[in-house]
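What follows is the content of query_6.tsv (TSV, C-alpha atoms).
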chain	number	residue	atom	x	y	z
A	8	MET	CA	-14.87	-36.63	54.12
A	9	GLU	CA	-16.76	-37.94	57.15
A	10	GLY	CA	-15.27	-36.60	60.36
A	11	GLY	CA	-11.61	-36.94	59.51
A	12	ALA	CA	-11.91	-40.31	57.75
A	13	GLU	CA	-10.23	-38.63	54.79
A	14	SER	CA	-6.84	-38.88	56.47
A	15	VAL	CA	-6.94	-42.69	56.53
A	16	ALA	CA	-6.32	-44.22	53.11
A	17	THR	CA	-8.87	-46.61	51.61
A	18	ARG	CA	-7.22	-50.04	51.80
A	19	ILE	CA	-7.83	-52.18	48.73
A	20	MET	CA	-6.75	-55.81	48.81
A	21	VAL	CA	-5.92	-57.23	45.37
A	22	GLY	CA	-5.60	-60.98	44.91
A	23	VAL	CA	-2.89	-61.82	42.36
A	24	ASN	CA	-1.63	-65.07	40.88
A	25	GLU	CA	0.78	-66.48	38.31
A	26	SER	CA	-0.06	-66.89	34.65
A	27	THR	CA	-0.80	-70.45	33.54
A	28	LEU	CA	0.39	-69.52	30.08
A	29	LYS	CA	3.29	-67.15	30.01
A	30	GLY	CA	5.40	-68.93	32.57
A	31	TYR	CA	7.52	-67.66	35.38
A	32	PRO	CA	7.40	-64.96	36.63
A	33	HIS	CA	4.45	-63.46	34.77
A	34	ALA	CA	1.22	-62.44	36.48
A	35	SER	CA	-2.01	-63.90	35.13
A	36	ILE	CA	-3.97	-61.89	32.59
A	37	SER	CA	-6.88	-61.51	35.02
A	38	SER	CA	-4.63	-60.36	37.91
A	39	LYS	CA	-3.08	-57.69	35.74
A	40	GLY	CA	-6.51	-56.67	34.48
A	41	ALA	CA	-7.90	-56.34	38.00
A	42	PHE	CA	-4.87	-54.31	39.06
A	43	GLU	CA	-4.95	-51.95	36.08
A	44	TRP	CA	-8.71	-51.51	36.48
A	45	THR	CA	-8.18	-50.51	40.11
A	46	LEU	CA	-5.57	-47.93	39.11
A	47	THR	CA	-7.56	-46.49	36.21
A	48	LYS	CA	-11.07	-46.46	37.66
A	49	ILE	CA	-10.57	-46.10	41.42
A	50	VAL	CA	-7.14	-44.73	42.32
A	51	ARG	CA	-6.78	-42.48	39.25
A	52	SER	CA	-4.46	-39.61	40.19
A	53	ASN	CA	-5.55	-39.65	43.84
A	54	THR	CA	-2.60	-41.80	44.84
A	55	SER	CA	-2.44	-40.67	48.44
A	56	SER	CA	-6.08	-41.61	49.10
A	57	PHE	CA	-5.49	-45.33	48.60
A	58	LYS	CA	-3.25	-48.15	49.72
A	59	LEU	CA	-3.02	-51.39	47.74
A	60	LEU	CA	-2.49	-54.68	49.55
A	61	PHE	CA	-1.32	-57.46	47.24
A	62	LEU	CA	-1.99	-61.00	48.37
A	63	HIS	CA	-0.49	-63.88	46.42
A	64	VAL	CA	-1.60	-67.36	47.45
A	65	GLN	CA	0.71	-70.19	46.46
A	66	VAL	CA	-0.94	-73.56	46.06
A	67	PRO	CA	1.29	-76.35	47.40
A	68	ASP	CA	1.86	-79.26	44.97
A	69	GLU	CA	-0.60	-81.98	45.86
A	70	ASP	CA	2.03	-84.68	46.26
A	71	GLY	CA	4.81	-82.32	47.22
A	72	PHE	CA	7.04	-83.53	44.38
A	73	GLY	CA	5.60	-81.74	41.34
A	74	ASP	CA	8.72	-79.74	40.63
A	75	MET	CA	11.25	-82.54	41.16
A	76	ASP	CA	12.77	-85.25	39.02
A	77	SER	CA	12.40	-88.01	41.54
A	78	ILE	CA	10.11	-88.85	44.41
A	79	TYR	CA	13.22	-89.83	46.44
A	80	ALA	CA	13.89	-86.47	47.97
A	81	SER	CA	16.16	-85.53	50.81
A	82	PRO	CA	15.20	-82.85	53.36
A	83	ASP	CA	17.58	-80.54	51.49
A	84	ASP	CA	15.57	-80.97	48.31
A	85	PHE	CA	12.46	-79.78	50.13
A	86	LYS	CA	14.34	-76.84	51.53
A	87	SER	CA	15.48	-75.74	48.08
A	88	MET	CA	11.97	-76.25	46.70
A	89	ASN	CA	10.54	-73.99	49.37
A	90	HIS	CA	13.23	-71.46	48.58
A	91	ARG	CA	12.46	-71.60	44.83
A	92	ASN	CA	8.75	-71.11	45.48
A	93	LYS	CA	9.41	-68.15	47.69
A	94	ILE	CA	11.54	-66.51	44.98
A	95	ARG	CA	8.84	-67.21	42.38
A	96	GLY	CA	6.25	-65.51	44.56
A	97	LEU	CA	8.47	-62.53	45.24
A	98	HIS	CA	9.15	-62.08	41.53
A	99	LEU	CA	5.43	-62.13	40.84
A	100	LEU	CA	4.73	-59.52	43.51
A	101	GLU	CA	7.64	-57.42	42.29
A	102	TYR	CA	5.72	-56.59	39.11
A	103	PHE	CA	2.82	-55.08	41.07
A	104	VAL	CA	4.94	-53.36	43.71
A	105	HIS	CA	7.23	-51.86	41.09
A	106	ARG	CA	4.24	-50.48	39.15
A	107	CYS	CA	2.86	-48.92	42.37
A	108	HIS	CA	6.19	-47.32	43.17
A	109	GLU	CA	6.33	-45.87	39.64
A	110	ILE	CA	2.90	-44.27	40.08
A	111	GLY	CA	3.35	-43.34	43.72
A	112	VAL	CA	0.58	-45.46	45.26
A	113	PRO	CA	1.47	-46.83	48.71
A	114	CYS	CA	1.33	-50.62	48.81
A	115	GLU	CA	2.16	-53.78	50.72
A	116	ALA	CA	2.55	-57.30	49.36
A	117	TRP	CA	2.83	-60.75	50.88
A	118	ILE	CA	2.68	-64.46	50.08
A	119	LYS	CA	0.64	-67.16	51.79
A	120	LYS	CA	0.47	-70.86	51.08
A	121	GLY	CA	-2.71	-72.87	50.91
A	122	ASN	CA	-6.06	-73.12	49.21
A	123	PRO	CA	-6.63	-69.71	47.57
A	124	LYS	CA	-10.31	-69.54	48.60
A	125	GLU	CA	-9.63	-70.28	52.26
A	126	VAL	CA	-6.51	-68.16	52.48
A	127	ILE	CA	-8.13	-65.10	50.90
A	128	LEU	CA	-11.07	-65.35	53.30
A	129	HIS	CA	-8.70	-65.72	56.22
A	130	GLU	CA	-6.54	-62.79	55.14
A	131	VAL	CA	-9.57	-60.56	54.63
A	132	LYS	CA	-10.62	-61.38	58.18
A	133	ARG	CA	-7.12	-60.67	59.50
A	134	VAL	CA	-6.22	-57.56	57.48
A	135	GLN	CA	-9.74	-56.04	57.21
A	136	PRO	CA	-9.34	-54.19	53.91
A	137	ASP	CA	-12.09	-51.79	52.84
A	138	PHE	CA	-12.72	-53.99	49.83
A	139	LEU	CA	-11.22	-56.79	47.79
A	140	VAL	CA	-10.54	-56.77	44.04
A	141	VAL	CA	-10.19	-60.09	42.28
A	142	GLY	CA	-9.73	-60.87	38.63
A	143	SER	CA	-11.86	-63.46	36.91
A	144	ARG	CA	-11.45	-65.41	33.69
A	145	GLY	CA	-15.16	-64.82	33.00
A	146	LEU	CA	-15.77	-68.49	32.29
A	147	GLY	CA	-19.17	-69.79	31.20
A	148	PRO	CA	-21.12	-72.29	33.35
A	149	PHE	CA	-19.83	-75.29	31.38
A	150	GLN	CA	-16.17	-74.34	31.80
A	151	LYS	CA	-16.68	-73.59	35.47
A	152	VAL	CA	-17.65	-77.17	36.23
A	153	PHE	CA	-14.03	-78.15	35.78
A	154	VAL	CA	-12.14	-75.30	37.44
A	155	GLY	CA	-12.34	-73.47	40.73
A	156	THR	CA	-13.85	-70.04	40.66
A	157	VAL	CA	-12.10	-68.22	43.44
A	158	SER	CA	-13.83	-64.94	42.63
A	159	GLU	CA	-17.37	-66.31	43.08
A	160	PHE	CA	-16.37	-67.91	46.35
A	161	CYS	CA	-14.96	-64.60	47.63
A	162	VAL	CA	-18.05	-62.65	46.56
A	163	LYS	CA	-20.20	-65.07	48.56
A	164	HIS	CA	-18.10	-65.53	51.65
A	165	ALA	CA	-15.58	-62.71	52.19
A	166	GLU	CA	-16.23	-60.38	55.13
A	167	CYS	CA	-15.66	-57.26	53.04
A	168	PRO	CA	-17.19	-55.98	49.79
A	169	VAL	CA	-15.71	-57.70	46.72
A	170	ILE	CA	-15.47	-56.46	43.16
A	171	THR	CA	-14.75	-58.94	40.41
A	172	ILE	CA	-13.02	-57.72	37.26
A	173	LYS	CA	-13.61	-59.98	34.29
A	174	ARG	CA	-10.98	-60.35	31.59
A	175	LYS	CA	-11.76	-58.29	28.50
A	176	PRO	CA	-12.96	-60.53	25.65
A	177	GLY	CA	-9.95	-59.50	23.52
A	178	GLU	CA	-7.54	-60.62	26.26
A	179	ALA	CA	-8.82	-64.18	26.64
A	180	PRO	CA	-6.34	-66.79	25.42
A	181	GLN	CA	-7.31	-69.55	22.99
A	182	ASP	CA	-8.18	-71.89	25.85
A	183	PRO	CA	-10.22	-69.66	28.19
A	184	VAL	CA	-9.26	-71.82	31.18
A	185	ASP	CA	-5.70	-70.49	30.70
A	186	ASP	CA	-4.91	-67.15	32.23
B	19	MET	CA	-3.43	-41.79	34.54
B	20	GLU	CA	-3.39	-43.92	31.39
B	21	GLY	CA	-3.00	-41.76	28.31
B	22	GLY	CA	-5.43	-38.99	29.19
B	23	ALA	CA	-8.06	-41.27	30.74
B	24	GLU	CA	-7.76	-39.09	33.84
B	25	SER	CA	-9.86	-36.38	32.23
B	26	VAL	CA	-12.93	-38.65	31.94
B	27	ALA	CA	-14.64	-39.20	35.29
B	28	THR	CA	-15.20	-42.74	36.56
B	29	ARG	CA	-18.94	-43.31	36.20
B	30	ILE	CA	-20.44	-45.20	39.13
B	31	MET	CA	-24.04	-46.38	38.87
B	32	VAL	CA	-25.78	-46.68	42.25
B	33	GLY	CA	-29.07	-48.57	42.51
B	34	VAL	CA	-31.38	-46.99	45.09
B	35	ASN	CA	-34.82	-47.88	46.43
B	36	GLU	CA	-37.41	-46.86	49.01
B	37	SER	CA	-37.37	-48.01	52.59
B	38	THR	CA	-39.91	-50.68	53.46
B	39	LEU	CA	-39.91	-49.39	57.01
B	40	LYS	CA	-39.62	-45.66	57.30
B	41	GLY	CA	-42.21	-44.82	54.70
B	42	TYR	CA	-42.28	-42.15	52.05
B	43	PRO	CA	-39.96	-40.67	50.99
B	44	HIS	CA	-37.10	-42.34	52.82
B	45	ALA	CA	-34.38	-44.31	51.06
B	46	SER	CA	-33.79	-47.87	52.22
B	47	ILE	CA	-31.08	-48.50	54.81
B	48	SER	CA	-29.06	-50.51	52.31
B	49	SER	CA	-29.32	-47.86	49.56
B	50	LYS	CA	-28.07	-45.20	51.94
B	51	GLY	CA	-25.32	-47.50	53.14
B	52	ALA	CA	-24.16	-48.25	49.60
B	53	PHE	CA	-24.16	-44.55	48.75
B	54	GLU	CA	-22.28	-43.44	51.88
B	55	TRP	CA	-19.76	-46.27	51.38
B	56	THR	CA	-19.13	-45.04	47.82
B	57	LEU	CA	-18.54	-41.51	49.05
B	58	THR	CA	-16.32	-42.48	51.98
B	59	LYS	CA	-14.26	-45.26	50.42
B	60	ILE	CA	-14.12	-44.44	46.70
B	61	VAL	CA	-14.92	-40.78	45.98
B	62	ARG	CA	-13.39	-39.38	49.21
B	63	SER	CA	-12.29	-35.80	48.51
B	64	ASN	CA	-11.61	-36.50	44.82
B	65	THR	CA	-15.01	-35.25	43.78
B	66	SER	CA	-14.07	-34.24	40.24
B	67	SER	CA	-12.76	-37.75	39.43
B	68	PHE	CA	-16.15	-39.42	39.74
B	69	LYS	CA	-19.71	-39.10	38.52
B	70	LEU	CA	-22.55	-40.86	40.33
B	71	LEU	CA	-25.50	-42.19	38.36
B	72	PHE	CA	-28.53	-42.94	40.53
B	73	LEU	CA	-31.03	-45.42	39.17
B	74	HIS	CA	-34.31	-45.93	41.00
B	75	VAL	CA	-36.51	-48.75	39.72
B	76	GLN	CA	-40.18	-48.53	40.65
B	77	VAL	CA	-42.01	-51.83	40.80
B	78	PRO	CA	-45.55	-51.50	39.42
B	79	ASP	CA	-48.29	-52.80	41.76
B	80	GLU	CA	-49.15	-56.29	40.67
B	81	ASP	CA	-52.85	-55.62	40.30
B	82	GLY	CA	-52.49	-51.93	39.61
B	83	PHE	CA	-54.72	-51.02	42.58
B	84	GLY	CA	-52.41	-51.40	45.53
B	85	ASP	CA	-52.55	-47.76	46.51
B	86	MET	CA	-56.29	-47.25	46.06
B	87	ASP	CA	-59.37	-47.67	48.19
B	88	SER	CA	-61.47	-49.36	45.58
B	89	ILE	CA	-60.85	-51.56	42.57
B	90	TYR	CA	-63.43	-49.47	40.64
B	91	ALA	CA	-61.04	-46.94	39.15
B	92	SER	CA	-61.57	-44.43	36.40
B	93	PRO	CA	-58.83	-43.62	33.89
B	94	ASP	CA	-58.29	-40.40	35.85
B	95	ASP	CA	-57.51	-42.41	38.97
B	96	PHE	CA	-54.75	-44.20	37.08
B	97	LYS	CA	-53.38	-40.93	35.82
B	98	SER	CA	-53.16	-39.50	39.34
B	99	MET	CA	-51.59	-42.75	40.58
B	100	ASN	CA	-48.87	-42.49	37.94
B	101	HIS	CA	-48.34	-38.89	38.92
B	102	ARG	CA	-48.07	-39.78	42.62
B	103	ASN	CA	-45.55	-42.53	41.87
B	104	LYS	CA	-43.44	-40.16	39.85
B	105	ILE	CA	-43.37	-37.64	42.70
B	106	ARG	CA	-42.45	-40.41	45.18
B	107	GLY	CA	-39.54	-41.43	42.99
B	108	LEU	CA	-38.35	-37.87	42.57
B	109	HIS	CA	-38.45	-37.28	46.30
B	110	LEU	CA	-36.40	-40.41	46.86
B	111	LEU	CA	-33.79	-39.35	44.33
B	112	GLU	CA	-33.76	-35.82	45.75
B	113	TYR	CA	-32.06	-37.13	48.89
B	114	PHE	CA	-29.11	-38.53	46.95
B	115	VAL	CA	-28.83	-35.68	44.47
B	116	HIS	CA	-28.98	-33.10	47.25
B	117	ARG	CA	-26.21	-34.88	49.16
B	118	CYS	CA	-24.05	-34.95	46.01
B	119	HIS	CA	-24.58	-31.25	45.40
B	120	GLU	CA	-23.58	-30.51	48.99
B	121	ILE	CA	-20.32	-32.39	48.55
B	122	GLY	CA	-19.70	-31.30	44.98
B	123	VAL	CA	-19.81	-34.68	43.24
B	124	PRO	CA	-21.34	-34.53	39.76
B	125	CYS	CA	-24.39	-36.78	39.45
B	126	GLU	CA	-27.40	-37.78	37.39
B	127	ALA	CA	-30.54	-39.53	38.55
B	128	TRP	CA	-33.49	-41.17	36.85
B	129	ILE	CA	-36.49	-43.44	37.44
B	130	LYS	CA	-37.50	-46.54	35.49
B	131	LYS	CA	-40.46	-48.83	35.99
B	132	GLY	CA	-40.32	-52.59	35.94
B	133	ASN	CA	-38.64	-55.59	37.51
B	134	PRO	CA	-35.55	-54.22	39.31
B	135	LYS	CA	-33.31	-57.08	38.17
B	136	GLU	CA	-34.20	-56.73	34.49
B	137	VAL	CA	-34.24	-52.94	34.52
B	138	ILE	CA	-30.84	-52.63	36.22
B	139	LEU	CA	-29.29	-55.05	33.71
B	140	HIS	CA	-30.87	-53.13	30.85
B	141	GLU	CA	-29.72	-49.76	32.19
B	142	VAL	CA	-26.16	-51.02	32.72
B	143	LYS	CA	-26.13	-52.13	29.08
B	144	ARG	CA	-27.51	-48.79	27.92
B	145	VAL	CA	-25.52	-46.41	30.16
B	146	GLN	CA	-22.30	-48.45	30.41
B	147	PRO	CA	-21.09	-47.28	33.83
B	148	ASP	CA	-17.58	-48.24	34.93
B	149	PHE	CA	-19.12	-50.17	37.78
B	150	LEU	CA	-22.33	-50.66	39.70
B	151	VAL	CA	-22.81	-50.30	43.46
B	152	VAL	CA	-25.79	-52.02	45.05
B	153	GLY	CA	-26.79	-52.30	48.66
B	154	SER	CA	-27.79	-55.62	50.15
B	155	ARG	CA	-29.71	-56.58	53.27
B	156	GLY	CA	-27.14	-59.33	53.85
B	157	LEU	CA	-29.82	-61.98	54.33
B	158	GLY	CA	-28.99	-65.56	55.22
B	159	PRO	CA	-29.87	-68.44	52.89
B	160	PHE	CA	-33.12	-69.21	54.71
B	161	GLN	CA	-34.44	-65.64	54.48
B	162	LYS	CA	-33.38	-65.43	50.84
B	163	VAL	CA	-35.76	-68.20	49.84
B	164	PHE	CA	-38.65	-65.81	50.32
B	165	VAL	CA	-37.34	-62.55	48.92
B	166	GLY	CA	-35.63	-61.47	45.73
B	167	THR	CA	-31.94	-60.78	45.95
B	168	VAL	CA	-31.36	-58.14	43.35
B	169	SER	CA	-27.70	-57.73	44.30
B	170	GLU	CA	-26.81	-61.38	43.66
B	171	PHE	CA	-28.59	-61.28	40.32
B	172	CYS	CA	-26.64	-58.16	39.30
B	173	VAL	CA	-23.30	-59.66	40.38
B	174	LYS	CA	-24.00	-62.68	38.16
B	175	HIS	CA	-25.49	-61.03	35.12
B	176	ALA	CA	-24.58	-57.34	34.84
B	177	GLU	CA	-22.24	-56.36	32.01
B	178	CYS	CA	-20.02	-54.26	34.31
B	179	PRO	CA	-18.20	-54.98	37.59
B	180	VAL	CA	-20.56	-54.93	40.57
B	181	ILE	CA	-19.78	-54.22	44.20
B	182	THR	CA	-22.32	-55.21	46.83
B	183	ILE	CA	-22.39	-53.29	50.10
B	184	LYS	CA	-24.02	-55.22	52.90
B	185	ARG	CA	-25.88	-53.44	55.67
B	186	LYS	CA	-23.85	-53.10	58.85
B	187	PRO	CA	-25.09	-55.52	61.51
B	188	GLY	CA	-26.02	-52.60	63.80
B	189	GLU	CA	-28.22	-51.09	61.10
B	190	ALA	CA	-30.40	-54.12	60.43
B	191	PRO	CA	-34.00	-53.66	61.60
B	192	GLN	CA	-35.79	-56.18	63.82
B	193	ASP	CA	-37.12	-58.05	60.80
B	194	PRO	CA	-34.05	-58.31	58.54
B	195	VAL	CA	-36.28	-58.55	55.46
B	196	ASP	CA	-37.25	-54.92	56.14
B	197	ASP	CA	-34.91	-52.27	54.83
Encoded form (structure tokens):
Amino acid sequence: MEGGAESVATRIMVGVNESTLKGYPHASISSKGAFEWTLTKIVRSNTSSFKLLFLHVQVPDEDGFGDMDSIYASPDDFKSMNHRNKIRGLHLLEYFVHRCHEIGVPCEAWIKKGNPKEVILHEVKRVQPDFLVVGSRGLGPFQKVFVGTVSEFCVKHAECPVITIKRKPGEAPQDPVDD
Amino acid sequence: MEGGAESVATRIMVGVNESTLKGYPHASISSKGAFEWTLTKIVRSNTSSFKLLFLHVQVPDEDGFGDMDSIYASPDDFKSMNHRNKIRGLHLLEYFVHRCHEIGVPCEAWIKKGNPKEVILHEVKRVQPDFLVVGSRGLGPFQKVFVGTVSEFCVKHAECPVITIKRKPGEAPQDPVDD
């Protein structure tokens, strides 16, 4: 539209994570909501105008043994844990990538480990998307005292514009902290 | 894309205001930035997929005499003041509407009086846009103590997703509180 900018696709980063409810390898309700919102309200049928960049941040277990039967672990156990986590992440991303391929929207997807807030900020800085879409559970102030709100942190600190898509009221599970 | 939703345009509300610097009837730097961002990054050449809804909130003078030479005003003076304000608002909106007509994006525009935060929230509730775009001066925490930050208020309280477009560093005037 502006001096040939039309030829370069608008790059939308979408933060996605696993469901706390439905188990492996389902995406969280809010991730799916944010993704579907982006398709319906922004991309629409203009698939060649946009490129979606899916970022999945895996939080390492605090003690490094969360998934194992015993705290006596050999180096091989760690290796297989890392491998399992990688597969989990890939399966999660597969859902989004597959949906994009179906519709014909170009996309990329990758996994990073760490604190979601810090990693998202860092990846925004590195990748420089045009904007970031994040899902949100839409928790009230009381519930938020006990859980991290990645979306609010991104809105405040990310170097690009951020749009937060709240879960629809009908989609919230019985315990709204679940997702 | 989703069961015929493609036929209904995505309705984007854009909050716009006057420049504190350039004088009548110029739009603020951040309003223009938010608008141009929406065109370049979201609408692109897909003009028939979107409809822009421009909301301009006029803040009434606190004592009702800000624009006048004397505080001894007749009812006629008030009438002409209201008329002048209306014309100011229309001239501001004209810029955005004209630009949309040039490009071929459908749009609507209207003026409301009151506290921008409250009015924007109320208009979002009434008009139900798909999302709201607001410009922001991108002030630091120290500067924000002294001025209202409409964008942050909207992000927290509006009933629809909100995307805040910060002024580019190169566009900020000498006094960053100006716009």
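For the pair atom CA of Pro67 of chain A and atom CA of Asp185 of chain A, the interatomic distance is 19.0 Å.
Ranking B:Val195, B:Leu39, B:Ala27, B:Ala176 by their shortest atom-to-atom distance to His140 of chain B, with only C-alpha atoms included, puts B:Ala176 first.
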Which residues of chain B are close to chain A, meaning at most 10 Å apart when you count only C-alpha atoms, and how do they look as a PyMOL selection string? chain B and resi 19-20+23-30+54-55+57-64+67-68+121+148-151+170+173-174+177-184
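Each of A:Val21, A:Pro32, A:Gln135, A:Ser38 was checked against Ile94 of chain A using all atoms listed in the file; the smallest atom-to-atom distance is that of A:Pro32.
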Near Asn122 of chain A, within 10 Å and counting all atoms listed in the file, which residues show up once chain neighbours fewer than 6 positions away are dropped, as a PyMOL selection string? chain A and resi 64-67+157
Tell me which protein, DNA and RNA residues are within 10 Å of Ser26 of chain A, counting all atoms listed in the file, leaving out same-chain ones fewer than 4 positions away, and put them as a ChimeraX atom specification. /A:30-39,99,185-186
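What separates atom CA of Pro134 of chain B from atom CA of Ser143 of chain A is a distance of 25.5 Å.
Taking atom CA of Pro191 of chain B and atom CA of Gly51 of chain B as the two end points, the separation is 13.6 Å.
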Quick one: what's the axis-aligned box for segment 56-60 of chain A, all listed atoms, 5 Å on every side, centre and edges in Å to one decimal, as lines of an AutoDock Vina configuration file?
center_x = -4.3
center_y = -48.1
center_z = 48.7
size_x = 13.6
size_y = 23.1
size_z = 12.0
Could you pull the residues within 10 Å of Gly111 of chain A, counting only C-alpha atoms, minus those fewer than 2 positions along the same chain, as a ChimeraX atom specification? /A:52-55,105-109,113-114
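Proximity of A:Val131, A:Ala179, A:Ile118, A:Leu59 to Leu146 of chain A, computed with all atoms listed in the file, is greatest for A:Ala179.
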